[in-house]
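Okay, run14.csv now, which holds CSV, C-alpha atoms:
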chain,number,residue,atom,x,y,z
O,1,MET,CA,-14.4,-19.1,-6.0
O,2,SER,CA,-13.2,-19.5,-2.4
O,3,ALA,CA,-12.4,-16.5,-0.3
O,4,THR,CA,-8.9,-17.8,0.1
O,5,ALA,CA,-8.3,-17.8,-3.6
O,6,THR,CA,-9.2,-14.1,-4.0
O,7,ASP,CA,-7.6,-12.9,-0.8
O,8,ALA,CA,-4.2,-14.4,-1.3
O,9,ARG,CA,-1.3,-12.1,-2.4
O,10,VAL,CA,-0.1,-12.6,-5.9
O,11,GLU,CA,3.6,-12.1,-6.2
O,12,SER,CA,3.9,-13.0,-9.9
O,13,ALA,CA,1.7,-12.7,-12.9
O,14,ALA,CA,2.4,-16.4,-13.6
O,15,GLU,CA,0.2,-17.3,-10.6
O,16,LEU,CA,-2.9,-15.8,-12.3
O,17,ALA,CA,-5.3,-17.6,-14.6
O,18,ASP,CA,-4.8,-16.9,-18.3
O,19,ASP,CA,-7.8,-14.6,-18.7
O,20,ALA,CA,-7.1,-12.6,-15.5
O,21,ARG,CA,-3.4,-12.2,-16.5
O,22,ALA,CA,-4.4,-11.0,-19.9
O,23,ALA,CA,-6.8,-8.5,-18.4
O,24,LEU,CA,-4.2,-7.1,-16.0
O,25,ARG,CA,-1.6,-7.0,-18.7
O,26,SER,CA,-4.0,-5.0,-21.0
O,27,LEU,CA,-4.7,-2.5,-18.1
O,28,VAL,CA,-1.0,-2.0,-17.3
O,29,LEU,CA,-0.1,-1.6,-20.9
O,30,ALA,CA,-2.9,1.0,-21.4
O,31,LEU,CA,-1.6,2.9,-18.4
O,32,ALA,CA,2.0,2.8,-19.6
O,33,ASP,CA,1.2,3.9,-23.1
O,34,SER,CA,-1.1,6.7,-21.8
O,35,LYS,CA,1.6,8.0,-19.5
O,36,ARG,CA,4.2,7.9,-22.3
O,37,VAL,CA,1.9,9.9,-24.7
O,38,LEU,CA,0.7,12.2,-21.9
O,39,GLY,CA,4.4,13.1,-21.2
O,40,LEU,CA,4.9,13.9,-24.9
O,41,ARG,CA,1.8,16.2,-24.9
O,42,TYR,CA,2.9,17.9,-21.7
O,43,SER,CA,6.4,18.5,-23.2
O,44,ASP,CA,4.8,20.4,-26.0
O,45,ARG,CA,3.7,23.0,-23.4
O,46,MET,CA,7.1,23.5,-21.8
O,47,LEU,CA,7.8,26.6,-23.9
O,48,GLY,CA,5.3,29.4,-24.5
O,49,ALA,CA,3.5,28.8,-21.2
O,50,PRO,CA,1.7,31.9,-19.8
O,51,THR,CA,4.3,32.2,-17.0
O,52,LEU,CA,7.9,31.0,-16.5
O,53,GLU,CA,6.9,29.0,-13.4
O,54,ALA,CA,4.0,27.3,-15.3
O,55,GLY,CA,6.5,26.2,-18.1
O,56,ILE,CA,9.0,24.9,-15.5
O,57,ALA,CA,6.2,22.9,-13.9
O,58,ALA,CA,5.0,21.6,-17.2
O,59,SER,CA,8.5,20.4,-18.0
O,60,SER,CA,8.8,18.7,-14.6
O,61,MET,CA,5.4,17.0,-15.1
O,62,ALA,CA,6.4,15.8,-18.5
O,63,GLN,CA,9.4,14.1,-16.8
O,64,ASP,CA,7.1,12.7,-14.1
O,65,GLU,CA,4.9,11.1,-16.8
O,66,TRP,CA,7.8,9.6,-18.6
O,67,GLY,CA,9.2,8.3,-15.4
O,68,HIS,CA,5.7,6.8,-14.6
O,69,ALA,CA,5.6,5.2,-18.1
O,70,ARG,CA,9.1,3.7,-17.6
O,71,LEU,CA,8.1,2.2,-14.3
O,72,THR,CA,4.8,0.9,-15.7
O,73,TYR,CA,6.4,-0.7,-18.8
O,74,ALA,CA,8.9,-2.3,-16.4
O,75,MET,CA,6.0,-4.0,-14.6
O,76,LEU,CA,5.2,-5.9,-17.9
O,77,GLY,CA,8.4,-7.9,-17.7
O,78,ASP,CA,6.6,-10.1,-15.2
O,79,PHE,CA,4.0,-10.8,-17.9
O,80,GLY,CA,6.5,-12.2,-20.3
O,81,ASP,CA,6.9,-9.0,-22.3
O,82,ASP,CA,10.2,-7.3,-23.1
O,83,PRO,CA,9.7,-3.8,-21.7
O,84,LYS,CA,12.4,-2.4,-24.1
O,85,ALA,CA,10.5,-3.8,-27.1
O,86,LEU,CA,7.3,-2.3,-25.8
O,87,GLU,CA,8.8,1.1,-25.4
O,88,HIS,CA,10.8,1.3,-28.7
O,89,GLU,CA,9.6,-1.2,-31.3
O,90,ARG,CA,5.8,-1.1,-31.6
O,91,PRO,CA,3.8,0.5,-34.5
O,92,ALA,CA,1.3,3.2,-33.7
O,93,ALA,CA,-1.6,0.8,-34.2
O,94,GLU,CA,-0.4,-1.3,-31.2
O,95,TYR,CA,-0.4,1.6,-28.8
O,96,ARG,CA,-3.1,1.5,-26.1
O,97,SER,CA,-2.8,5.1,-25.1
O,98,HIS,CA,-5.8,7.1,-23.9
O,99,PRO,CA,-7.9,8.2,-27.0
O,100,ALA,CA,-8.1,11.7,-25.7
O,101,LEU,CA,-4.4,12.0,-26.3
O,102,ASP,CA,-4.6,11.0,-30.0
O,103,ALA,CA,-4.6,14.7,-30.8
O,104,GLY,CA,-2.2,17.3,-29.5
O,105,PHE,CA,-3.2,20.3,-27.5
O,106,ASP,CA,-4.4,23.3,-29.5
O,107,SER,CA,-4.3,25.7,-26.6
O,108,TRP,CA,-3.4,26.2,-22.9
O,109,ALA,CA,-7.0,25.4,-22.2
O,110,ASP,CA,-6.6,22.0,-23.7
O,111,PHE,CA,-3.5,21.4,-21.7
O,112,ILE,CA,-5.2,22.3,-18.4
O,113,ALA,CA,-8.4,20.4,-19.1
O,114,CYS,CA,-6.4,17.4,-20.0
O,115,ILE,CA,-4.4,17.5,-16.7
O,116,LEU,CA,-7.5,17.9,-14.7
O,117,LEU,CA,-9.6,15.2,-16.4
O,118,VAL,CA,-7.3,12.7,-18.3
O,119,ASP,CA,-4.4,12.7,-15.9
O,120,THR,CA,-6.8,12.4,-12.9
O,121,ALA,CA,-8.6,9.5,-14.6
O,122,LEU,CA,-5.3,7.8,-15.0
O,123,ALA,CA,-4.4,8.5,-11.4
O,124,VAL,CA,-7.7,7.1,-10.2
O,125,GLN,CA,-7.2,3.9,-12.3
O,126,TYR,CA,-3.6,3.6,-10.8
O,127,GLY,CA,-5.2,4.1,-7.4
O,128,ALA,CA,-7.2,0.9,-7.9
O,129,LEU,CA,-3.9,-1.0,-8.2
O,130,VAL,CA,-2.7,0.1,-4.8
O,131,GLU,CA,-4.9,-2.4,-3.0
O,132,SER,CA,-4.5,-5.0,-5.7
O,133,ARG,CA,-3.7,-8.6,-4.8
O,134,TYR,CA,-0.9,-8.3,-7.3
O,135,THR,CA,1.8,-7.0,-5.0
O,136,PRO,CA,4.4,-5.9,-7.5
O,137,ALA,CA,2.2,-2.9,-8.3
O,138,HIS,CA,2.0,-1.5,-4.8
O,139,ASN,CA,5.2,0.5,-4.1
O,140,ARG,CA,5.6,1.7,-7.7
O,141,VAL,CA,2.1,3.0,-7.8
O,142,GLN,CA,2.1,4.8,-4.5
O,143,LYS,CA,5.2,6.8,-5.6
O,144,MET,CA,3.4,7.9,-8.8
O,145,LEU,CA,0.3,8.9,-6.9
O,146,ASP,CA,2.3,11.0,-4.6
O,147,GLU,CA,3.7,13.0,-7.6
O,148,GLU,CA,0.2,13.1,-9.2
O,149,ARG,CA,-1.0,15.2,-6.3
O,150,PHE,CA,1.0,18.1,-7.6
O,151,HIS,CA,-0.4,17.6,-11.1
O,152,PHE,CA,-3.9,17.9,-9.7
O,153,GLN,CA,-3.1,21.0,-7.7
O,154,TYR,CA,-1.6,22.6,-10.8
O,155,ALA,CA,-4.7,21.8,-12.9
O,156,ALA,CA,-7.0,23.0,-10.1
O,157,GLY,CA,-5.1,26.3,-9.7
O,158,TRP,CA,-5.2,27.0,-13.4
O,159,VAL,CA,-8.8,26.1,-13.9
O,160,ARG,CA,-9.7,28.5,-11.1
O,161,ARG,CA,-7.6,31.2,-12.7
O,162,MET,CA,-8.8,30.7,-16.3
O,163,ALA,CA,-12.4,30.5,-15.2
O,164,ALA,CA,-12.0,34.0,-13.8
O,165,VAL,CA,-10.7,35.5,-17.1
O,166,PRO,CA,-13.6,36.2,-19.5
O,167,GLU,CA,-11.5,35.9,-22.6
O,168,VAL,CA,-10.5,32.3,-22.0
O,169,ARG,CA,-13.3,31.0,-19.8
O,170,ASP,CA,-15.4,29.7,-22.8
O,171,GLU,CA,-12.4,28.1,-24.4
O,172,LEU,CA,-11.6,26.3,-21.1
O,173,ALA,CA,-15.2,25.1,-20.8
O,174,ALA,CA,-15.1,23.7,-24.4
O,175,SER,CA,-11.9,21.8,-23.7
O,176,LEU,CA,-13.3,20.4,-20.5
O,177,ALA,CA,-16.5,19.4,-22.3
O,178,ARG,CA,-14.5,17.5,-24.9
O,179,TYR,CA,-12.3,15.6,-22.4
O,180,LEU,CA,-14.9,14.8,-19.8
O,181,PRO,CA,-16.8,12.0,-21.6
O,182,GLN,CA,-13.5,10.5,-22.9
O,183,ALA,CA,-12.1,10.5,-19.4
O,184,LEU,CA,-15.2,8.9,-17.9
O,185,GLN,CA,-15.5,6.2,-20.7
O,186,TRP,CA,-11.8,5.2,-20.5
O,187,LEU,CA,-12.4,4.0,-16.9
O,188,GLY,CA,-14.2,1.1,-18.5
O,189,ASP,CA,-17.4,-0.8,-18.9
O,190,ASP,CA,-18.8,-2.6,-15.8
O,191,ASP,CA,-20.1,-5.4,-18.0
O,192,GLY,CA,-16.9,-6.0,-19.9
O,193,PRO,CA,-15.5,-9.5,-19.2
O,194,ALA,CA,-12.0,-8.2,-18.5
O,195,SER,CA,-13.3,-5.5,-16.1
O,196,ARG,CA,-15.3,-8.0,-14.3
O,197,ARG,CA,-12.4,-10.4,-14.1
O,198,LEU,CA,-10.1,-7.8,-12.6
O,199,VAL,CA,-12.6,-6.9,-9.9
O,200,ASP,CA,-13.6,-10.5,-9.2
O,201,GLN,CA,-10.0,-11.5,-8.8
O,202,GLY,CA,-9.1,-8.6,-6.6
O,203,LEU,CA,-6.6,-7.3,-9.1
O,204,VAL,CA,-8.2,-3.9,-9.0
O,205,SER,CA,-10.0,-2.6,-5.9
O,206,ALA,CA,-13.0,-1.0,-7.6
O,207,SER,CA,-15.3,-1.4,-10.6
O,208,PRO,CA,-15.3,1.1,-13.5
O,209,SER,CA,-18.4,2.8,-12.1
O,210,ALA,CA,-16.9,3.0,-8.6
O,211,LEU,CA,-13.8,4.5,-10.2
O,212,ARG,CA,-15.9,7.0,-12.1
O,213,ALA,CA,-17.5,8.0,-8.8
O,214,ARG,CA,-14.0,8.5,-7.3
O,215,PHE,CA,-12.9,10.5,-10.3
O,216,LEU,CA,-16.0,12.8,-10.1
O,217,ALA,CA,-15.6,13.3,-6.4
O,218,ARG,CA,-12.0,14.5,-7.1
O,219,VAL,CA,-12.7,16.9,-10.1
O,220,GLY,CA,-16.2,17.9,-9.2
O,221,PRO,CA,-15.4,20.3,-6.4
O,222,VAL,CA,-12.8,22.1,-8.6
O,223,LEU,CA,-15.4,22.5,-11.4
O,224,VAL,CA,-18.0,23.7,-8.9
O,225,ASP,CA,-15.5,26.3,-7.5
O,226,ALA,CA,-14.9,27.6,-11.0
O,227,ASP,CA,-18.7,27.6,-11.7
O,228,LEU,CA,-18.1,25.3,-14.6
O,229,ALA,CA,-19.8,22.1,-13.3
O,230,ARG,CA,-23.3,22.9,-14.4
O,231,GLY,CA,-22.3,23.6,-17.9
O,232,LEU,CA,-20.7,20.2,-18.1
O,233,GLY,CA,-23.8,18.5,-16.8
O,234,LEU,CA,-22.2,17.7,-13.5
O,235,SER,CA,-24.2,17.9,-10.3
O,236,ARG,CA,-24.2,16.5,-6.8
O,237,ARG,CA,-27.1,14.7,-5.1
O,238,ASP,CA,-27.6,16.2,-1.7
O,239,GLY,CA,-24.0,16.7,-1.0
O,240,GLY,CA,-23.3,13.0,-1.8
O,241,GLU,CA,-22.9,11.2,-5.1
O,242,TRP,CA,-21.9,13.1,-8.2
O,243,LEU,CA,-24.1,12.8,-11.3
O,244,VAL,CA,-23.3,13.3,-14.9
O,245,SER,CA,-26.3,14.2,-17.2
O,246,GLN,CA,-24.7,12.7,-20.3
O,247,SER,CA,-25.0,8.9,-20.4
O,248,LEU,CA,-22.0,6.9,-21.6
O,249,SER,CA,-22.3,4.5,-24.5
O,250,PHE,CA,-20.1,1.5,-24.9
O,251,ASP,CA,-21.3,0.6,-28.4
O,252,GLY,CA,-18.2,-0.4,-30.4
O,253,TRP,CA,-16.1,-0.3,-27.2
O,254,ASN,CA,-12.9,-2.3,-27.5
O,255,GLU,CA,-12.2,-3.3,-24.0
O,256,GLU,CA,-8.6,-4.4,-24.6
O,257,ALA,CA,-7.7,-1.2,-26.3
O,258,ARG,CA,-9.9,0.9,-24.0
O,259,ARG,CA,-11.3,2.9,-27.0
O,260,SER,CA,-14.2,2.9,-29.4
O,261,GLY,CA,-12.1,3.6,-32.4
O,262,GLY,CA,-9.3,5.7,-33.7
O,263,ALA,CA,-5.6,5.2,-33.1
O,264,LEU,CA,-2.4,7.1,-32.2
O,265,ASP,CA,-0.8,8.5,-35.3
O,266,GLU,CA,2.6,7.2,-36.6
O,267,GLN,CA,4.3,10.6,-36.1
O,268,THR,CA,3.5,10.7,-32.4
O,269,ALA,CA,4.4,7.0,-32.0
O,270,ALA,CA,7.8,7.7,-33.6
O,271,ARG,CA,8.4,10.4,-30.9
O,272,ALA,CA,7.2,8.0,-28.2
O,273,ARG,CA,9.5,5.3,-29.4
O,274,GLY,CA,12.5,7.6,-29.7
O,275,ASP,CA,13.0,6.8,-33.4
O,276,LYS,CA,15.3,9.7,-34.1
O,277,ASN,CA,17.8,8.5,-31.5
O,278,ARG,CA,17.4,4.8,-32.2
O,279,ALA,CA,21.0,4.3,-33.0
O,280,LEU,CA,22.0,5.6,-29.6
O,281,LEU,CA,19.7,3.3,-27.5
O,282,MET,CA,21.5,1.7,-24.7
O,283,ASP,CA,20.7,-1.6,-23.0
K,7,MET,CA,-2.7,40.3,-14.6
K,8,ILE,CA,0.0,40.5,-12.0
K,9,GLU,CA,0.8,37.5,-9.9
K,10,PRO,CA,1.8,37.8,-6.2
K,11,VAL,CA,5.3,36.8,-5.1
K,12,PHE,CA,5.8,33.9,-2.8
K,13,GLU,CA,9.0,33.4,-1.0
K,14,VAL,CA,10.2,29.8,-0.8
K,15,PHE,CA,11.8,28.3,2.3
K,16,ALA,CA,13.1,24.8,2.8
K,17,ARG,CA,15.1,22.5,5.1
K,18,LYS,CA,17.0,19.4,4.2
K,19,THR,CA,16.7,17.5,7.4
K,20,ARG,CA,14.3,17.5,10.3
K,21,GLY,CA,15.6,19.9,13.0
K,22,GLU,CA,17.6,22.0,10.5
K,23,PRO,CA,16.4,25.6,10.3
K,24,LEU,CA,14.2,26.6,7.4
K,25,ARG,CA,16.3,28.7,5.0
K,26,HIS,CA,15.3,31.0,2.2
K,27,ILE,CA,16.0,29.4,-1.2
K,28,GLY,CA,14.2,31.6,-3.7
K,29,PHE,CA,10.9,33.0,-4.8
K,30,ILE,CA,8.2,32.3,-7.4
K,31,ASN,CA,5.2,34.2,-8.9
K,32,ALA,CA,1.9,32.4,-8.6
K,33,ALA,CA,-1.8,33.2,-8.8
K,34,ASP,CA,-2.6,31.5,-5.6
K,35,GLY,CA,-1.3,29.4,-2.8
K,36,ASP,CA,-2.0,26.1,-4.5
K,37,LEU,CA,-0.1,27.0,-7.6
K,38,ALA,CA,2.7,28.5,-5.5
K,39,ARG,CA,3.1,25.1,-3.8
K,40,VAL,CA,3.3,23.3,-7.1
K,41,TYR,CA,5.7,25.9,-8.7
K,42,ALA,CA,8.0,25.9,-5.6
K,43,TRP,CA,8.2,22.1,-5.6
K,44,LYS,CA,8.7,21.8,-9.3
K,45,THR,CA,11.2,24.7,-9.5
K,46,TYR,CA,13.4,23.9,-6.5
K,47,ASP,CA,13.1,20.1,-6.5
K,48,GLU,CA,16.7,19.4,-7.6
K,49,GLN,CA,17.6,18.8,-4.0
K,50,ASN,CA,16.1,16.3,-1.7
K,51,TRP,CA,14.2,18.6,0.7
K,52,ASP,CA,12.7,17.3,3.9
K,53,GLU,CA,10.2,20.2,4.0
K,54,MET,CA,9.4,23.2,1.8
K,55,CYS,CA,7.1,26.1,2.6
K,56,VAL,CA,5.8,29.1,0.5
K,57,ILE,CA,5.0,32.4,2.2
K,58,PRO,CA,3.2,35.3,0.4
K,59,ARG,CA,5.7,38.1,0.4
K,60,SER,CA,2.9,40.4,1.5
K,61,ALA,CA,2.8,38.4,4.8
K,62,ILE,CA,6.3,39.2,5.7
K,63,ILE,CA,6.6,42.1,8.1
K,64,PRO,CA,10.0,43.7,8.2
K,65,VAL,CA,11.1,44.6,11.7
K,66,ASP,CA,12.9,47.6,10.2
K,67,PRO,CA,11.4,48.5,6.9
K,68,GLN,CA,14.3,50.9,6.1
K,69,GLU,CA,16.8,48.1,6.4
K,70,SER,CA,14.9,45.2,4.8
K,71,GLN,CA,16.5,44.1,1.5
K,72,PHE,CA,13.8,42.2,-0.1
K,73,VAL,CA,10.6,43.5,1.4
K,74,THR,CA,11.3,47.2,1.6
K,75,MET,CA,9.0,47.8,-1.3
K,76,MET,CA,6.5,45.2,-0.2
K,77,GLY,CA,3.0,45.7,-1.5
K,78,ARG,CA,3.9,48.5,-3.8
K,79,ASP,CA,3.1,48.2,-7.5
K,80,ALA,CA,6.6,49.2,-8.5
K,81,GLU,CA,8.1,46.2,-6.7
K,82,GLN,CA,5.5,43.8,-8.0
K,83,GLU,CA,6.1,44.9,-11.6
K,84,LEU,CA,9.9,44.7,-11.1
K,85,VAL,CA,9.7,41.1,-9.8
K,86,HIS,CA,7.2,40.1,-12.4
K,87,SER,CA,9.1,41.4,-15.4
K,88,ALA,CA,12.3,39.9,-14.1
K,89,GLY,CA,10.7,36.5,-14.2
K,90,THR,CA,8.5,36.6,-17.2
K,91,GLY,CA,9.1,39.8,-19.2
K,92,SER,CA,10.9,38.2,-22.1
K,93,TYR,CA,9.4,34.8,-21.9
K,94,GLY,CA,6.7,35.0,-24.6
K,95,GLY,CA,3.5,33.1,-24.1
K,96,GLY,CA,0.9,35.5,-22.8
K,97,GLU,CA,-2.2,33.5,-23.7
K,98,VAL,CA,-3.5,34.2,-20.2
K,99,THR,CA,-1.2,36.7,-18.5
K,100,ARG,CA,-1.8,40.2,-19.5
Would you encode the structure as structure tokens?
Amino acid sequence: MSATATDARVESAAELADDARAALRSLVLALADSKRVLGLRYSDRMLGAPTLEAGIAASSMAQDEWGHARLTYAMLGDFGDDPKALEHERPAAEYRSHPALDAGFDSWADFIACILLVDTALAVQYGALVESRYTPAHNRVQKMLDEERFHFQYAAGWVRRMAAVPEVRDELAASLARYLPQALQWLGDDDGPASRRLVDQGLVSASPSALRARFLARVGPVLVDADLARGLGLSRRDGGEWLVSQSLSFDGWNEEARRSGGALDEQTAARARGDKNRALLMD
Amino acid sequence: MIEPVFEVFARKTRGEPLRHIGFINAADGDLARVYAWKTYDEQNWDEMCVIPRSAIIPVDPQESQFVTMMGRDAEQELVHSAGTGSYGGGEVTR
């Protein structure tokens, strides 16, 4: 592969080789579906939040996520997809949403842990598209990442606050422990053919392992501040690289679906598709 | 758990004076920034700031309308209950 071939800007997905185009489409669809379901899960926390301001912010973040999903689905028009059909006509089994979102939140702790870990993992993966050779991603992605800074601050503030409340600290630690391995794994397998193709072709700017390092560098300081890092097996080598004690297994990993099993349930997919208002859909 | 009050100021264009647009309750400055942005984002602000109410020093405490009771529990409770008293939730706030 010549340097020229992997440096040149790609203005349309049609310019990509079949396998590279399929890998990028899978990634973009996984991001879009994850954003859509994430917004649904956030919306479940708009009412009954601990404070009025926290509920208002949850509502706003839910809208952000649906906006991000809409922008991301729209990108797939360039891959020969009908974005409207992707949004409104797929069965649950075809959703590529993050497996950590298959279940709803049982508690405020789940909500906060999910924002810190799953939303940040998505933001880190989006970040790898900012420097992609595939230029249609650039502007859209940067706007999303600007909004995601507030989501991260929200999660960081609540993690600090909850960690200081003895009655909810353990619950938060348990939620974080459940989401952390899923957030890390979702960033992908370095040895997966699609991951390698995306990196080789300059369609993403970093390998899955490099993205995990970015992710840990972002969430690690928050967890250290809250004295929760050690319990999660998270440490830092001499002020540099972040390490996780638990190794990731990619046995049974479906690279295209970005999961090792399970699926979104039909009830959630029906909400994501907007089935109840299908008769009112506008072109 | 009582959250401090943060006053929210914003301007629409560069050069326009900051003006007071409201207040929010937040546990710390980070959450105050998020809440302010998410609560008052219906307009296209050029800049928004949050200031802990406790940092405002009234020139004449007797005449100050919104910081007269600054720092006193009674005022904190009044503001807090006005925002969240009938809201439910309470998983964390006590």
Between O:Asp200, O:Ala100, O:Glu148, O:Ala85, single out the one closest to Ala62 in chain O, counting all atoms listed in the file. O:Glu148
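CA of Asp189 in chain O is found 16.3 Å from CA of Leu216 in chain O.
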Given all atoms listed in the file as the basis, pick out the residue of O:Ala257, O:Val141, O:Ala54, O:Val168 nearest to Ala33 in chain K. O:Ala54
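Nearest to Ala270 in chain O of all the residues O:Val28, O:Ala92, O:Ala213, O:Ala13 is O:Ala92, counting only C-alpha atoms.
Of the listed residues O:Arg70, O:Arg21, O:Arg36, O:His151, the one whose atoms come nearest to chain K is O:His151, with distances taken using all atoms listed in the file.
Closest approach to Gly28 in chain K from the set K:Ser60, K:Gln68, K:Asn50, K:Thr45 is made by K:Thr45, with distances taken over all atoms listed in the file.
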Please return, as a tab-separated table (two decimals) with C-alpha atoms, keeping the file's coordinate frame, all polymer residues that have at least one atom within 12 Å of the point (-15.8, 27.3, -7.0); use all atoms listed in the file and the file's own coordinate frame.
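The file below, point.tsv, is the result:
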chain	number	residue	atom	x	y	z
O	156	ALA	CA	-7.00	23.00	-10.10
O	157	GLY	CA	-5.10	26.30	-9.70
O	159	VAL	CA	-8.80	26.10	-13.90
O	160	ARG	CA	-9.70	28.50	-11.10
O	161	ARG	CA	-7.60	31.20	-12.70
O	163	ALA	CA	-12.40	30.50	-15.20
O	164	ALA	CA	-12.00	34.00	-13.80
O	219	VAL	CA	-12.70	16.90	-10.10
O	220	GLY	CA	-16.20	17.90	-9.20
O	221	PRO	CA	-15.40	20.30	-6.40
O	222	VAL	CA	-12.80	22.10	-8.60
O	223	LEU	CA	-15.40	22.50	-11.40
O	224	VAL	CA	-18.00	23.70	-8.90
O	225	ASP	CA	-15.50	26.30	-7.50
O	226	ALA	CA	-14.90	27.60	-11.00
O	227	ASP	CA	-18.70	27.60	-11.70
O	228	LEU	CA	-18.10	25.30	-14.60
O	229	ALA	CA	-19.80	22.10	-13.30
O	230	ARG	CA	-23.30	22.90	-14.40
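You will find CA of Ala113 in chain O at 28.7 Å from CA of Met75 in chain O.
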Which residues of chain O have any atom within 7 Å of an atom in chain K when counting all atoms listed in the file, and what is the closest pair of atoms for each, with the distance in Å to one decimal? Order the rows by chain and rising number and write it as a Markdown table.
| residue | atom | partner | partner_atom | distance |
| --- | --- | --- | --- | --- |
| O:Gly48 | CA | K:Gly95 | CA | 4.1 |
| O:Ala49 | CA | K:Gly95 | CA | 5.2 |
| O:Pro50 | CA | K:Gly96 | CA | 4.8 |
| O:Thr51 | CA | K:Thr90 | CA | 6.1 |
| O:Leu52 | CA | K:Thr90 | CA | 5.7 |
| O:Glu53 | CA | K:Tyr41 | CA | 5.8 |
| O:Ala54 | CA | K:Tyr41 | CA | 7.0 |
| O:Ile56 | CA | K:Thr45 | CA | 6.4 |
| O:Ala57 | CA | K:Lys44 | CA | 5.3 |
| O:Ser60 | CA | K:Lys44 | CA | 6.1 |
| O:Phe150 | CA | K:Val40 | CA | 5.7 |
| O:Gln153 | CA | K:Asp36 | CA | 6.1 |
| O:Tyr154 | CA | K:Leu37 | CA | 5.6 |
| O:Gly157 | CA | K:Leu37 | CA | 5.5 |
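Note that CA of Ala194 in chain O and CA of Lys35 in chain O are 21.2 Å apart.
Each of O:Asp110, O:Glu241, O:Asp265, O:Asp251 was checked against Met162 in chain O using all atoms listed in the file; the smallest atom-to-atom distance is that of O:Asp110.
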